[in-house]
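Novice: I have a structure here, written as structure tokens, and I will follow up with some questions on it.
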Amino acid sequence: MSDLLLPPSLEGVEMVRSVRTPAHLDYSYTPGRAMSRFLTGLAEKKIRGQRCPSCGKVYVPPRGACPTDGVPTEEEVELPHTGTITTFCIVNVSFYGQGMEIPYVSALVLLDDSDIPLMHLVQEVPYDQVRTGMRVEAVWVSDDELKPTLESIKWFRPNGEPDRDASTMRGNA
Amino acid sequence: MRDVAIISFAQTKHARAITDANEVEMLMPVVREALDGAGVGMDRVGFTCSGSTDYLSGQAFSFVMTLDAVGPWPPIAESHVEMDGAWALYEAWVKLQMGEVDVALVYAYGKSSPGDVTEVLTRQLDPYFLAPLWPDTISLAGLQTRALLETGRVREADLAEVAARSRRDALSNPYALLARDDSPDALLAEPFIAEPMHKWDCPPITDGAAAVVIAAGDVARELSSRPAWVRGIDHRIESQGLGLRDLTTSASTRLAGEKAGVASAPVDFAELHAPFTAQELILRESLGLGDDVAINPSGGALAANPVMAAGLIRLGEAAARITRGEGNRAVAHATSGPLLQQNLVCVLEGE
Amino acid sequence: MVIEYPFSRTTGPVIGAFLTGLREGVVVGIKGSDGRVLMPPTEYDPVTSESLNEMVEVGQTGQVTTWSWTEGRRYQPLDGRPFAWALIKLDGADTAMLHAVDVASPDQMSIGMRVRIRWRAEREGHIRDIECFEPEVGAS
């Protein structure tokens, strides 16, 4: 295409090479039945999961279906606010839309009695002391700030219990 | 070529907004019903293919999450098209032609309620000349409708007939959203919403999902008392440039119809994916379907139009009607892209 | 929830030249394999798929080939005022482009009517450098 022939009016003119194509679109999501129960639970300082009738696993957040068996999960399970870090990363880059100071720790937390870990932040501990197997507990916003959002849990922090052996959590990371 | 048939079909009861279920919760009962209808579990499904669009749900790779509705464990052979589910069925049909699997699950879903679908669909347009102008779907359909009216081949009353018939036929379809008995004259008396478009020229904004099971040869005969055999299937695309095409006809539909063998025997009925009234008339002409062919006995997309599923529903409705013995040879059609840019034609027959 | 897609796209030479033209206040199309002038221009002939390379200037007036009315929505031309969408075949071009025509009511629109470009004062090489089209003064 280097041999593009231009009309006289464009000869010697600097060419446009890129174009702005911004878009912004508004959405109102329907969380669905299972996620609605989970979110309203958070506003009441409760963490609600669901158990699969087929394999018995407890999912949190629940999405209304067992991703393994493809069947509805209707039995609700209220979960403790403690859990174990199954894996984590130390974030050293900031990105669009995120207001955290870096470095910070993002971790997968396997809540006790559940079978799938939840992603959240770990704070109130130096980032280089966070480890797999560390026992943590949820830190909630004050009661008057509780809302139907995962942000009602500010972060997780160590609760002082002895670490769990990571190998006993295999398959759940 | 292997004989491949649609052996099971299920769909949601379509609604303006399904607010009590997310995509997975909406889809799961439909997938289950389609599998049950075929009498198979996921262990017999050799391939799964779906159609949906991320822009509608506002979530990147949203189809990965909806796989929860299927239960992809042990890991399944799966694919996805950012297209109407009819193209997912085409991919599954090709997979069955390869001879390695005998049963495939195809599903599609679209929830238009989270955003403004007429705005969202501008994002499928050319990003340099069209998308920056944000032309909504109704305005674009208006350009096509006026161009068709201008040819003199079609009058506004013909468009009203299409709308009235679709709404009336939908009265016997329990899954349809817009079902009522309106006279064409009453429709013509309604004001324009965007001249030359009346509200009745346009589909209802719809949330919904559909699933289909297809199977090959003797497996189809084993699983269904009356499979709807795919005797021909083809899809064709045209330029996306609106000014590069004759909007009053559909060359891609005509060619796909020829390749699928529409004209090789009489057609009992057709399910045409025409979200706008003028598009049905363009499709009928391009497929050579005469007045003796019943069009959209389900009510068509004018009665329920879950974006990304409405084309697959045409194939499913046509197959289900054949399986019920309400016809023996049908044409099913699906469209994608702006103003009938891309079209799929499928000929279905009983034994 | 608002999702923003803050994209910029590379134009390539043909669309780049078209957008350059808009910035400079001229409109350029491209000659197709059969000598037809395609406007907006395409890199390849839509029928033969041949690579195209001869860009030609077309007129700034033209004819409406089809149109539809709209009450105007956010993001669309003319800032939410009602207007007509139209496919417009510019003089010297053989294919039509989509844009807005600024008229007060649908009664002022017709197929075949003559229109001309209304340029934006500040231009950057974008389809919106054309603010809209307007009826050609003096044309019947």
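Residue numbering restarts at 1 for every chain of the structure tokens, chains are lettered A, B, ... in their displayed order, and ligands are numbered from 1 as they appear.
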Please provide the set of residues having any atom within 9 Å of region 314-330 of chain B, restricted to only C-alpha atoms, with same-chain residues fewer than 2 positions apart removed, written as a PyMOL selection string.
Specialist: chain B and resi 5-11+86+210-212+224-229+262+265-273+296-298+300-301+309-312+332-334+346-351
Novice: Would you pick out the contacts of region 11-24 of chain C at 6 Å or less, using only C-alpha atoms, so that residues sharing its chain but fewer than 4 positions from it are not included, and give the list as a PyMOL selection string?
Specialist: (chain A and resi 15-18) or (chain C and resi 28+123-126)
Novice: Write the residues you've just listed into a file as a PDB file, in the first residue's frame, and include C-alpha atoms for each of them.
Specialist:
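And here's out06.pdb as it stands now:
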```pdb
ATOM      1  CA  MET A  15      -1.208  11.758   7.330  1.00  0.00           C
ATOM      2  CA  VAL A  16      -3.580  10.713  10.091  1.00  0.00           C
ATOM      3  CA  ARG A  17      -2.434   7.365  11.479  1.00  0.00           C
ATOM      4  CA  SER A  18      -4.763   6.705  14.371  1.00  0.00           C
TER       5      SER A  18
ATOM      6  CA  VAL C  28     -11.501  11.483  -0.734  1.00  0.00           C
ATOM      7  CA  ARG C 123     -10.964  19.198  12.906  1.00  0.00           C
ATOM      8  CA  GLU C 124      -8.672  16.349  13.864  1.00  0.00           C
ATOM      9  CA  GLY C 125      -9.140  13.585  11.307  1.00  0.00           C
ATOM     10  CA  HIS C 126     -12.360  11.922  12.454  1.00  0.00           C
TER      11      HIS C 126
END
```
Novice: Can you pull out every residue within 12 Å of Ala60 (chain B), counting only C-alpha atoms, but drop anything in the same chain fewer than 5 positions away, and send it as a list in words?
Specialist: Ser52, Thr53, Asp54, Tyr55, Met65 and Glu82 of chain B; Ile3 and Tyr5 of chain C
Novice: Find the residues around region 197-209 of chain B up to 9 Å (only C-alpha atoms counted), leave out those fewer than 4 positions away in its own chain, and share them as a PyMOL selection string.
Specialist: (chain B and resi 10-18+23+26-27+30+107-113+117+138-139+141-142+145-146+159-160+162-164+177-178+187-188+190-193+274-278+301-310+313) or (chain C and resi 68-69)
Novice: Under the rule that only C-alpha atoms are counted, which of B:Glu150, B:Glu156, B:Glu195, B:Asp136 is the nearest residue to chain C?
Specialist: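 Checking each of B:Glu150, B:Glu156, B:Glu195, B:Asp136 against chain C, counting only C-alpha atoms, the winner is B:Glu195.
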Novice: Output as a ChimeraX atom specification the set of chain C residues within 6 Å of chain B, with distances taken over only C-alpha atoms.
Specialist: /C:66-70,76,95-97,127
Novice: Mind listing the alpha helix (DSSP H) residues of region 8-75 of chain C, per DSSP on the backbone, as number ranges by chain?
Specialist: C: 12-24
Novice: Counting only C-alpha atoms, which residues of chain A fall within 6 Å of chain B, and what is the closest atom pair for each with its distance in Å at one decimal, ordered by chain and rising number, as CSV?
Specialist:
```
residue,atom,partner,partner_atom,distance
A:Asp26,CA,B:Gly115,CA,5.8
A:Tyr27,CA,B:Gly115,CA,4.5
A:Ser28,CA,B:Pro114,CA,4.6
A:Tyr29,CA,B:Pro114,CA,5.3
A:Thr30,CA,B:Thr19,CA,5.7
A:Pro31,CA,B:Asn22,CA,5.6
A:Gly32,CA,B:Ala21,CA,3.8
A:Arg33,CA,B:Ala21,CA,5.6
A:Pro67,CA,B:Asp68,CA,4.2
A:Thr68,CA,B:Gly71,CA,4.6
A:Asp69,CA,B:Gly71,CA,4.4
A:Gly70,CA,B:Gly71,CA,3.5
```
Novice: May I have the selected residues written with C-alpha atoms, as a compact mmCIF listing (two decimals), in the first residue's frame?
Specialist:
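The file below, result.txt, is the result:
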```txt
# COMPACT_ATOMS: atom_id res chain seq x y z
CA ASP A 26 -24.11 1.85 30.99
CA TYR A 27 -25.21 -1.46 32.46
CA SER A 28 -27.47 -2.45 35.32
CA TYR A 29 -26.63 -6.00 36.21
CA THR A 30 -29.02 -8.59 37.48
CA PRO A 31 -27.03 -10.50 40.07
CA GLY A 32 -29.44 -13.42 39.97
CA ARG A 33 -31.07 -15.30 42.82
CA PRO A 67 -19.68 -25.59 37.85
CA THR A 68 -18.72 -29.26 37.94
CA ASP A 69 -22.10 -30.91 37.75
CA GLY A 70 -24.17 -28.28 35.98
```
Novice: Could you produce a table of the residues of chain A lying within 10 Å of chain C, with the nearest pair of atoms per residue and their separation in Å rounded to one decimal, using only C-alpha atoms, ordered by chain and increasing residue number, as a Markdown table?
Specialist:
```
| residue | atom | partner | partner_atom | distance |
| --- | --- | --- | --- | --- |
| A:Met1 | CA | C:Asn53 | CA | 6.8 |
| A:Ser2 | CA | C:Pro13 | CA | 8.1 |
| A:Asp3 | CA | C:Asn53 | CA | 6.8 |
| A:Leu4 | CA | C:Asn53 | CA | 4.7 |
| A:Leu5 | CA | C:Glu54 | CA | 4.8 |
| A:Leu6 | CA | C:Met55 | CA | 5.2 |
| A:Pro7 | CA | C:Val56 | CA | 5.3 |
| A:Pro8 | CA | C:Glu57 | CA | 8.6 |
| A:Ser9 | CA | C:Val26 | CA | 7.6 |
| A:Leu10 | CA | C:Gly21 | CA | 6.8 |
| A:Val13 | CA | C:Thr20 | CA | 8.1 |
| A:Glu14 | CA | C:Thr20 | CA | 7.8 |
| A:Met15 | CA | C:Thr20 | CA | 5.7 |
| A:Val16 | CA | C:Gly16 | CA | 4.9 |
| A:Arg17 | CA | C:Thr11 | CA | 5.4 |
| A:Ser18 | CA | C:Thr10 | CA | 4.3 |
| A:Val19 | CA | C:Arg9 | CA | 5.4 |
| A:Arg20 | CA | C:Ser8 | CA | 4.4 |
| A:Thr21 | CA | C:Phe7 | CA | 5.3 |
| A:Pro22 | CA | C:Pro6 | CA | 4.5 |
| A:Ala23 | CA | C:Tyr5 | CA | 5.1 |
| A:His24 | CA | C:Glu4 | CA | 4.3 |
| A:Leu25 | CA | C:Ile3 | CA | 5.4 |
| A:Asp26 | CA | C:Val2 | CA | 4.5 |
| A:Tyr27 | CA | C:Met1 | CA | 5.2 |
| A:Ser28 | CA | C:Met1 | CA | 6.1 |
| A:Tyr29 | CA | C:Met1 | CA | 7.8 |
```
Novice: Just to be explicit: take each residue in the selection above, keep C-alpha atoms, and write the result as an mmCIF file, in the first residue's frame.
Specialist:
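The resulting file, out.cif, is reproduced below:
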```
data_model
loop_
_atom_site.group_PDB
_atom_site.id
_atom_site.type_symbol
_atom_site.label_atom_id
_atom_site.label_comp_id
_atom_site.auth_asym_id
_atom_site.auth_seq_id
_atom_site.Cartn_x
_atom_site.Cartn_y
_atom_site.Cartn_z
ATOM 1 C CA MET A 1 0.000 0.000 0.000
ATOM 2 C CA SER A 2 3.070 2.237 -0.036
ATOM 3 C CA ASP A 3 2.166 3.168 -3.591
ATOM 4 C CA LEU A 4 -1.054 4.890 -2.524
ATOM 5 C CA LEU A 5 -1.903 7.626 -5.032
ATOM 6 C CA LEU A 6 -3.263 10.745 -3.353
ATOM 7 C CA PRO A 7 -5.237 13.589 -4.888
ATOM 8 C CA PRO A 8 -3.359 16.928 -5.174
ATOM 9 C CA SER A 9 -5.209 18.313 -2.149
ATOM 10 C CA LEU A 10 -3.475 15.799 0.133
ATOM 11 C CA VAL A 13 0.123 16.803 4.098
ATOM 12 C CA GLU A 14 0.935 14.875 7.249
ATOM 13 C CA MET A 15 -1.208 11.758 7.330
ATOM 14 C CA VAL A 16 -3.580 10.713 10.091
ATOM 15 C CA ARG A 17 -2.434 7.365 11.479
ATOM 16 C CA SER A 18 -4.763 6.705 14.371
ATOM 17 C CA VAL A 19 -8.225 7.669 15.465
ATOM 18 C CA ARG A 20 -9.952 7.939 18.810
ATOM 19 C CA THR A 21 -12.813 5.510 19.178
ATOM 20 C CA PRO A 22 -13.877 5.835 22.796
ATOM 21 C CA ALA A 23 -17.088 4.224 23.928
ATOM 22 C CA HIS A 24 -18.850 4.155 27.183
ATOM 23 C CA LEU A 25 -21.865 2.071 27.942
ATOM 24 C CA ASP A 26 -24.111 1.845 30.986
ATOM 25 C CA TYR A 27 -25.211 -1.458 32.462
ATOM 26 C CA SER A 28 -27.469 -2.445 35.318
ATOM 27 C CA TYR A 29 -26.626 -6.003 36.210
#
```
Novice: Report as a PyMOL selection string all protein, DNA and RNA residues lying within 10 Å of Pro103 (chain A), evaluated on only C-alpha atoms, omitting residues in the same chain fewer than 5 positions from it.
Specialist: chain A and resi 89-94+126-128
Novice: Go ahead and compute the interatomic distance for CA of Asp94 (chain C) and CA of Leu125 (chain B), in Å to one decimal.
Specialist: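 Between CA of Asp94 (chain C) and CA of Leu125 (chain B) the gap is 21.2 Å.
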Novice: Got a sec: who's within 10 Å of Val94 (chain B), counting only C-alpha atoms, leaving out chain neighbours fewer than 5 positions off, as number ranges by chain?
Specialist: B: 1-2, 4, 88-89, 99
Novice: Would you export the selected residues with N, CA and C atoms as a PDB file, in the first residue's frame, please?
Specialist:
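Written output follows (result_24.pdb):
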```
ATOM      1  N   MET B   1     -21.164 -37.040   3.110  1.00  0.00           N
ATOM      2  CA  MET B   1     -21.747 -36.264   4.206  1.00  0.00           C
ATOM      3  C   MET B   1     -22.525 -37.170   5.149  1.00  0.00           C
ATOM      4  N   ARG B   2     -22.409 -36.914   6.452  1.00  0.00           N
ATOM      5  CA  ARG B   2     -23.206 -37.644   7.433  1.00  0.00           C
ATOM      6  C   ARG B   2     -24.578 -36.989   7.557  1.00  0.00           C
ATOM      7  N   VAL B   4     -27.252 -35.483   9.728  1.00  0.00           N
ATOM      8  CA  VAL B   4     -27.273 -34.879  11.066  1.00  0.00           C
ATOM      9  C   VAL B   4     -28.655 -34.283  11.285  1.00  0.00           C
ATOM     10  N   ALA B  88     -23.243 -21.210  15.974  1.00  0.00           N
ATOM     11  CA  ALA B  88     -22.697 -22.238  16.858  1.00  0.00           C
ATOM     12  C   ALA B  88     -23.210 -23.603  16.410  1.00  0.00           C
ATOM     13  N   LEU B  89     -24.487 -23.645  15.995  1.00  0.00           N
ATOM     14  CA  LEU B  89     -25.029 -24.907  15.488  1.00  0.00           C
ATOM     15  C   LEU B  89     -24.284 -25.315  14.214  1.00  0.00           C
ATOM     16  N   GLY B  99     -16.991 -36.744  11.950  1.00  0.00           N
ATOM     17  CA  GLY B  99     -17.160 -38.142  12.303  1.00  0.00           C
ATOM     18  C   GLY B  99     -16.627 -38.552  13.658  1.00  0.00           C
TER      19      GLY B  99
END
```
Novice: Can you list, as a count of residues only, every residue of region 10-126 of chain A that DSSP puts in strand (DSSP E)?
Specialist: 44
Novice: Can you pull out every residue within 10 Å of Phe133 (chain C), counting only C-alpha atoms, but drop anything in the same chain fewer than 6 positions away, and send it as a list in words?
Specialist: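 Counting only C-alpha atoms, the residues come to Gln60, Thr61, Gly62, Ala84, Trp85, Ala86, Ile88, His99, Ala100, Val101, Asp102, Val103, Arg114, Val115, Arg116, Ile117, Arg118 and Trp119 of chain C.
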Novice: Write the residues of the selection above to a file with C-alpha atoms, as a compact mmCIF listing (two decimals), in the first residue's frame.
Specialist:
```
# COMPACT_ATOMS: atom_id res chain seq x y z
CA GLN C 60 -18.87 18.08 -0.82
CA THR C 61 -22.44 18.00 -2.03
CA GLY C 62 -24.52 14.99 -2.87
CA ALA C 84 -32.48 12.58 9.84
CA TRP C 85 -30.04 9.76 9.32
CA ALA C 86 -29.25 9.41 5.65
CA ILE C 88 -25.65 10.11 1.02
CA HIS C 99 -24.33 10.69 8.26
CA ALA C 100 -26.82 13.08 9.81
CA VAL C 101 -28.87 15.70 7.98
CA ASP C 102 -29.86 18.72 10.02
CA VAL C 103 -33.45 19.59 9.20
CA ARG C 114 -29.47 17.60 -2.45
CA VAL C 115 -27.34 18.10 0.64
CA ARG C 116 -23.93 19.53 1.47
CA ILE C 117 -21.39 19.05 4.22
CA ARG C 118 -21.37 21.30 7.28
CA TRP C 119 -17.81 21.15 8.61
```
Novice: Kindly give the distance, in Å, that separates CA of Asp43 (chain B) and CA of Glu75 (chain A), rounded to a single decimal.
Specialist: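 Going from CA of Asp43 (chain B) over to CA of Glu75 (chain A) covers 25.3 Å.
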Novice: May I ask which of the residues A:Val58, A:Leu146, A:Val136, A:Ile116 is the closest one to Asn159 (chain A), counting only C-alpha atoms?
Specialist: A:Val136
Novice: As an exercise, work out the distance from CA of Val106 (chain B) to CA of Ala77 (chain B) in Å and give it to one decimal place.
Specialist: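 Separation of CA of Val106 (chain B) and CA of Ala77 (chain B): 12.1 Å.
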